[in-house]
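J.: My questions will all concern the structure given below.
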Amino acid sequence: MLIILFAMMPVAAAWAQFSDLMQFAQAQQSLSLFSYNGYVDVGYSAGVGYYKANKFEATTSHGVSNGRIFAGLGAGVDVLKTKTVEHPTRWDADLEVSDNAYMVPLFLDFRYSGRSAVSFFFDCKTGVAFLVGDDYITIDDGIIDSDFCFYLNCSIGLRFALGAKSAFNVGVSYGLIQQRYYDYDDYYYHSRYDGISLNSIGVTAGFEW
(Lines give C-alpha, C1' and ligand atoms only; values in the text may rest on other atoms or scores of the structure.)
Protein backbone atom coordinates (compact mmCIF):
# COMPACT_ATOMS: atom_id res chain seq x y z
CA MET A 1 0.00 0.00 0.00
CA LEU A 2 2.83 2.39 0.89
CA ILE A 3 4.46 1.68 -2.47
CA ILE A 4 1.23 2.61 -4.26
CA LEU A 5 0.88 5.79 -2.20
CA PHE A 6 4.47 6.83 -2.93
CA ALA A 7 3.91 6.08 -6.62
CA MET A 8 0.79 8.26 -6.69
CA MET A 9 2.50 11.27 -5.11
CA PRO A 10 4.27 12.46 -8.32
CA VAL A 11 1.00 12.01 -10.23
CA ALA A 12 -0.89 14.08 -7.64
CA ALA A 13 1.78 16.79 -7.73
CA ALA A 14 1.69 16.89 -11.53
CA TRP A 15 -2.12 17.08 -11.50
CA ALA A 16 -1.99 19.94 -8.98
CA GLN A 17 0.43 21.85 -11.20
CA PHE A 18 -1.77 21.16 -14.24
CA SER A 19 -4.85 22.35 -12.35
CA ASP A 20 -3.06 25.55 -11.30
CA LEU A 21 -1.98 26.12 -14.89
CA MET A 22 -5.55 25.63 -16.15
CA GLN A 23 -6.93 28.06 -13.56
CA PHE A 24 -4.30 30.62 -14.57
CA ALA A 25 -5.17 30.18 -18.24
CA GLN A 26 -8.90 30.56 -17.53
CA ALA A 27 -8.22 33.69 -15.49
CA GLN A 28 -6.15 35.17 -18.31
CA GLN A 29 -8.85 34.30 -20.82
CA SER A 30 -11.53 35.99 -18.72
CA LEU A 31 -9.33 39.08 -18.42
CA SER A 32 -8.79 39.19 -22.19
CA LEU A 33 -12.48 38.90 -23.06
CA PHE A 34 -12.42 42.68 -23.41
CA SER A 35 -9.29 44.27 -24.83
CA TYR A 36 -8.36 47.67 -26.25
CA ASN A 37 -9.05 48.45 -29.90
CA GLY A 38 -8.38 51.60 -31.91
CA TYR A 39 -9.69 52.72 -35.31
CA VAL A 40 -8.86 55.43 -37.83
CA ASP A 41 -11.35 55.98 -40.67
CA VAL A 42 -11.43 58.38 -43.61
CA GLY A 43 -14.18 58.83 -46.17
CA TYR A 44 -15.85 61.01 -48.75
CA SER A 45 -19.60 61.30 -49.23
CA ALA A 46 -21.87 63.26 -51.58
CA GLY A 47 -24.93 65.08 -50.29
CA VAL A 48 -28.35 63.80 -51.38
CA GLY A 49 -31.78 65.37 -51.03
CA TYR A 50 -33.05 68.95 -51.10
CA TYR A 51 -30.65 70.23 -48.42
CA LYS A 52 -27.21 68.78 -48.99
CA ALA A 53 -23.47 69.19 -48.49
CA ASN A 54 -20.56 67.11 -49.74
CA LYS A 55 -18.27 65.92 -46.97
CA PHE A 56 -14.73 64.67 -46.42
CA GLU A 57 -14.38 63.03 -43.02
CA ALA A 58 -11.57 61.71 -40.82
CA THR A 59 -12.35 60.09 -37.45
CA THR A 60 -10.68 58.06 -34.76
CA SER A 61 -12.33 55.77 -32.18
CA HIS A 62 -10.92 54.09 -29.08
CA GLY A 63 -12.54 51.55 -26.77
CA VAL A 64 -12.82 47.88 -25.89
CA SER A 65 -13.91 44.78 -27.79
CA ASN A 66 -14.43 41.08 -27.19
CA GLY A 67 -13.05 40.25 -30.63
CA ARG A 68 -16.22 40.80 -32.63
CA ILE A 69 -18.14 43.57 -30.86
CA PHE A 70 -16.49 46.95 -30.24
CA ALA A 71 -17.76 49.89 -28.16
CA GLY A 72 -15.89 53.13 -27.69
CA LEU A 73 -15.70 56.92 -27.95
CA GLY A 74 -14.49 58.94 -30.90
CA ALA A 75 -13.95 62.33 -32.48
CA GLY A 76 -13.10 63.64 -35.92
CA VAL A 77 -13.09 66.44 -38.46
CA ASP A 78 -15.58 66.90 -41.30
CA VAL A 79 -14.87 69.26 -44.18
CA LEU A 80 -18.21 70.37 -45.64
CA LYS A 81 -18.62 71.83 -49.12
CA THR A 82 -21.92 73.30 -50.29
CA LYS A 83 -23.21 75.17 -53.31
CA THR A 84 -22.51 78.90 -53.16
CA VAL A 85 -25.65 81.06 -53.29
CA GLU A 86 -25.15 84.77 -53.98
CA HIS A 87 -27.55 86.91 -51.99
CA PRO A 88 -28.15 90.48 -53.18
CA THR A 89 -28.25 91.97 -49.69
CA ARG A 90 -27.16 90.83 -46.25
CA TRP A 91 -28.27 92.02 -42.89
CA ASP A 92 -25.55 89.89 -41.27
CA ALA A 93 -22.57 91.14 -43.28
CA ASP A 94 -20.47 91.28 -40.13
CA LEU A 95 -20.88 87.53 -39.54
CA GLU A 96 -18.76 84.83 -41.10
CA VAL A 97 -20.77 82.92 -43.72
CA SER A 98 -19.08 80.37 -45.96
CA ASP A 99 -19.80 77.57 -48.42
CA ASN A 100 -16.84 75.68 -46.91
CA ALA A 101 -16.84 74.71 -43.24
CA TYR A 102 -15.16 72.49 -40.70
CA MET A 103 -17.32 70.44 -38.37
CA VAL A 104 -16.15 68.44 -35.35
CA PRO A 105 -18.18 65.30 -34.47
CA LEU A 106 -18.05 63.72 -30.99
CA PHE A 107 -19.66 60.29 -30.86
CA LEU A 108 -20.22 56.84 -29.44
CA ASP A 109 -18.97 54.12 -31.77
CA PHE A 110 -20.40 50.58 -31.98
CA ARG A 111 -18.97 48.06 -34.43
CA TYR A 112 -19.41 44.40 -35.29
CA SER A 113 -16.61 42.65 -37.20
CA GLY A 114 -16.01 39.09 -38.34
CA ARG A 115 -12.72 37.44 -37.44
CA SER A 116 -11.84 35.50 -40.60
CA ALA A 117 -9.23 36.60 -43.13
CA VAL A 118 -11.92 38.46 -45.10
CA SER A 119 -15.18 39.22 -43.33
CA PHE A 120 -18.01 41.74 -43.12
CA PHE A 121 -18.17 44.62 -40.67
CA PHE A 122 -20.89 47.07 -39.61
CA ASP A 123 -20.10 50.33 -37.85
CA CYS A 124 -22.40 52.99 -36.36
CA LYS A 125 -21.23 56.32 -34.95
CA THR A 126 -23.82 58.51 -33.23
CA GLY A 127 -23.42 61.71 -31.24
CA VAL A 128 -23.20 65.46 -31.76
CA ALA A 129 -21.26 67.81 -34.05
CA PHE A 130 -20.61 71.54 -34.29
CA LEU A 131 -19.09 73.99 -36.77
CA VAL A 132 -15.70 75.55 -36.05
CA GLY A 133 -14.18 78.62 -37.66
CA ASP A 134 -17.41 79.98 -39.17
CA ASP A 135 -20.61 81.21 -37.58
CA TYR A 136 -22.74 79.89 -40.43
CA ILE A 137 -22.55 77.79 -43.57
CA THR A 138 -24.77 78.37 -46.61
CA ILE A 139 -27.15 75.56 -47.53
CA ASP A 140 -29.34 76.09 -50.60
CA ASP A 141 -31.01 79.51 -50.07
CA GLY A 142 -30.34 79.69 -46.36
CA ILE A 143 -27.84 79.01 -43.59
CA ILE A 144 -27.25 76.64 -40.69
CA ASP A 145 -25.59 77.84 -37.50
CA SER A 146 -22.72 76.50 -35.41
CA ASP A 147 -24.61 75.12 -32.39
CA PHE A 148 -24.41 71.44 -31.47
CA CYS A 149 -26.40 69.24 -33.84
CA PHE A 150 -27.28 65.55 -34.13
CA TYR A 151 -24.67 63.43 -35.91
CA LEU A 152 -24.92 59.90 -37.36
CA ASN A 153 -22.59 57.95 -39.61
CA CYS A 154 -23.05 54.26 -40.43
CA SER A 155 -20.95 52.08 -42.71
CA ILE A 156 -20.87 48.49 -43.90
CA GLY A 157 -18.17 46.71 -45.83
CA LEU A 158 -15.29 44.24 -45.82
CA ARG A 159 -12.58 43.70 -43.20
CA PHE A 160 -9.21 42.35 -44.37
CA ALA A 161 -7.22 40.90 -41.46
CA LEU A 162 -3.55 41.87 -41.30
CA GLY A 163 -2.69 40.29 -37.95
CA ALA A 164 -4.19 39.02 -34.72
CA LYS A 165 -5.95 42.37 -34.09
CA SER A 166 -4.99 44.63 -36.98
CA ALA A 167 -7.03 44.93 -40.16
CA PHE A 168 -7.85 47.15 -43.12
CA ASN A 169 -11.48 48.07 -43.79
CA VAL A 170 -13.30 49.38 -46.88
CA GLY A 171 -17.01 50.04 -47.23
CA VAL A 172 -19.91 52.30 -48.11
CA SER A 173 -21.37 54.82 -45.68
CA TYR A 174 -24.47 56.84 -44.90
CA GLY A 175 -24.25 60.13 -43.01
CA LEU A 176 -26.86 62.33 -41.35
CA ILE A 177 -26.56 65.78 -39.77
CA GLN A 178 -29.62 67.53 -38.33
CA GLN A 179 -29.36 71.24 -37.60
CA ARG A 180 -31.41 74.43 -37.33
CA TYR A 181 -31.90 76.17 -40.69
CA TYR A 182 -32.65 79.80 -41.49
CA ASP A 183 -34.28 80.51 -44.85
CA TYR A 184 -33.46 83.61 -46.88
CA ASP A 185 -35.76 86.03 -48.69
CA ASP A 186 -34.87 89.25 -50.53
CA TYR A 187 -33.65 91.05 -47.41
CA TYR A 188 -32.86 88.77 -44.45
CA TYR A 189 -32.94 85.32 -42.96
CA HIS A 190 -36.44 85.11 -41.53
CA SER A 191 -37.75 81.55 -41.30
CA ARG A 192 -36.26 79.07 -38.84
CA TYR A 193 -36.70 75.33 -39.28
CA ASP A 194 -35.59 73.05 -36.47
CA GLY A 195 -33.88 69.85 -37.50
CA ILE A 196 -33.44 69.87 -41.27
CA SER A 197 -31.58 66.78 -42.46
CA LEU A 198 -28.31 66.79 -44.41
CA ASN A 199 -28.03 63.28 -45.86
CA SER A 200 -24.97 61.89 -47.63
CA ILE A 201 -23.81 58.62 -49.16
CA GLY A 202 -20.18 57.77 -49.77
CA VAL A 203 -17.20 55.46 -49.37
CA THR A 204 -14.94 54.84 -46.39
CA ALA A 205 -11.60 53.20 -45.62
CA GLY A 206 -9.92 52.56 -42.29
CA PHE A 207 -7.30 50.80 -40.22
CA GLU A 208 -7.75 49.05 -36.87
CA TRP A 209 -5.29 47.81 -34.27
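Residue numbering restarts at 1 for every chain of the C-alpha coordinates, chains are lettered A, B, ... in their displayed order, and ligands are numbered from 1 as they appear.
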With only C-alpha atoms counted and 10 Å as the cut-off, give the residues of range 104-192 of chain A in contact with range 34-39 of chain A, each with its shortest interatomic distance in Å and the pair that gives it, as a Markdown table.
T.:
```
| residue | atom | partner | partner_atom | distance |
| --- | --- | --- | --- | --- |
| A:Lys165 | CA | A:Asn37 | CA | 8.0 |
| A:Ser166 | CA | A:Asn37 | CA | 9.0 |
| A:Ala167 | CA | A:Tyr39 | CA | 9.6 |
| A:Phe168 | CA | A:Tyr39 | CA | 9.8 |
| A:Asn169 | CA | A:Tyr39 | CA | 9.8 |
```
J.: Please produce a file of those selected residues containing N, CA and C atoms, as an mmCIF file, in the first residue's frame.
T.:
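As written to disk, again_19.cif reads:
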```cif
data_model
loop_
_atom_site.group_PDB
_atom_site.id
_atom_site.type_symbol
_atom_site.label_atom_id
_atom_site.label_comp_id
_atom_site.auth_asym_id
_atom_site.auth_seq_id
_atom_site.Cartn_x
_atom_site.Cartn_y
_atom_site.Cartn_z
ATOM 1 N N LYS A 165 -4.966 41.337 -34.378
ATOM 2 C CA LYS A 165 -5.952 42.371 -34.087
ATOM 3 C C LYS A 165 -6.013 43.444 -35.155
ATOM 4 N N SER A 166 -5.016 43.566 -35.984
ATOM 5 C CA SER A 166 -4.987 44.635 -36.978
ATOM 6 C C SER A 166 -5.708 44.206 -38.249
ATOM 7 N N ALA A 167 -6.289 45.211 -38.934
ATOM 8 C CA ALA A 167 -7.028 44.927 -40.158
ATOM 9 C C ALA A 167 -7.217 46.215 -40.947
ATOM 10 N N PHE A 168 -7.518 46.044 -42.221
ATOM 11 C CA PHE A 168 -7.847 47.151 -43.122
ATOM 12 C C PHE A 168 -9.300 46.999 -43.523
ATOM 13 N N ASN A 169 -10.056 48.109 -43.506
ATOM 14 C CA ASN A 169 -11.485 48.068 -43.794
ATOM 15 C C ASN A 169 -11.821 48.979 -44.969
#
```
J.: Could you tell me, as a ChimeraX atom specification, which residues of range 31-71 of chain A DSSP assigns to strand (DSSP E) when given the backbone?
T.: /A:35-48,54-65,69-71
J.: What separation in Å, quoted to one decimal, exists between CA of Ser65 in chain A and CA of Ile201 in chain A?
T.: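 CA of Ile201 in chain A lies 27.3 Å from CA of Ser65 in chain A.
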J.: Between A:Ile177, A:Val170, A:Cys149, A:Leu158, single out the one closest to Phe130 in chain A, counting only C-alpha atoms.
T.: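 Under the stated criterion, the closest residue is A:Cys149.
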J.: Taking into account only C-alpha atoms, which residue in the set A:Ser173, A:Ser113, A:Ser146, A:Thr59 is nearest to Ala101 in chain A?
T.: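 Of A:Ser173, A:Ser113, A:Ser146, A:Thr59, the one nearest Ala101 in chain A is A:Ser146, counting only C-alpha atoms.
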J.: Tell me, in Å to one decimal, how far CA of Tyr182 in chain A is from CA of Leu152 in chain A.
T.: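 Going from CA of Tyr182 in chain A over to CA of Leu152 in chain A covers 21.7 Å.
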J.: Pick from A:His62, A:Arg159, A:Arg68, A:Lys55: nearest to Thr82 in chain A, with only C-alpha atoms counted?
T.: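 Of A:His62, A:Arg159, A:Arg68, A:Lys55, the one nearest Thr82 in chain A, counting only C-alpha atoms, is A:Lys55.
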J.: Let me make sure I understand: among A:Ala117, A:Cys154, A:Ala161, A:Leu198, which one has the smallest atom-to-atom distance to Asn54 in chain A if we use only C-alpha atoms?
T.: A:Leu198
J.: One decimal, Å: what's the distance from CA of Leu162 in chain A over to CA of Val40 in chain A, could you say?
T.: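 Between CA of Leu162 in chain A and CA of Val40 in chain A the gap is 15.0 Å.
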J.: Rank nothing, just name the residue among A:Tyr44, A:Tyr181, A:Phe121, A:Tyr50 nearest to Asp78 in chain A, using only C-alpha atoms.
T.: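 Of A:Tyr44, A:Tyr181, A:Phe121, A:Tyr50, the one nearest Asp78 in chain A is A:Tyr44, counting only C-alpha atoms.
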